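J.: Questions regarding the structure given below will be posed in turn.
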Amino acid sequence: MPLHTADGSITHSALATVPERFLVFYSSEVDGEMWCPDCRKVDTLVKDTFSQSGPEGLILPFNGDICRWRKPGNPYRTEPWSVSNVPTIIKLQDGKEVSRLDDDTKIVKELSSFVKT
């Protein structure tokens, strides 16, 4: 299944009920590209992994610049997801987190096996 991009109106609590098995937390785009260099680094790999024949995932781009991302009140940085950096990929089972990759180096090395388990 392909990646889908979340509607900007999705609520923080609604993420626990999405049908996708993976949540991909990315930076938003500024002037046509993601402001996060680590997100840009893994973008092709992530898109290729979650291709038509891959697992179903939901991209959650953060709407805002890096200063807004770093604010402690950012909803993605609080419970239940507590995402401390982007990119982060969270694996869900029955709407609950079972594991995560939260570093671009880990994503490059481990994404293929991460989505198969």
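In the structure tokens, chains take letters A, B, ... by order of appearance, with residues numbered from 1 within each chain and ligands from 1 in the order shown.
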Quick one: residues within 12 Å of Thr5 (chain A), only C-alpha atoms counted, chain neighbours fewer than 3 positions away excluded, as a PyMOL selection string?
T.: chain A and resi 2+8-10+18+20+22-26+28+47+56-62
J.: Please report, as a PyMOL selection string, each residue of region 37-117 of chain A to which DSSP assigns strand (DSSP E) when run on this structure's backbone.
T.: chain A and resi 57-62+88-93+96-101
J.: Any idea what's packed within 12 Å of Gly73 (chain A), counting only C-alpha atoms, ignoring anything in its chain fewer than 5 positions away? Could you give it as a VMD selection string?
T.: chain A and resid 67 to 68 78 to 79 82 to 84
J.: Have a look at A:Ile66, A:Leu15, A:Val115, A:Leu101 and name the one nearest to Cys36 (chain A); count only C-alpha atoms.
T.: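 Answer, going by the shortest atom-to-atom distance: A:Ile66.
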J.: Which is closest to Ser51 (chain A) among A:Ser99, A:His4, A:Ser113, A:Trp81, if we use only C-alpha atoms?
T.: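 Counting only C-alpha atoms, the residue closest to Ser51 (chain A) is A:His4.
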J.: Using only C-alpha atoms, find the one residue out of A:Val42, A:Pro80, A:Leu3, A:Glu29 that sits nearest to Lys109 (chain A).
T.: A:Val42
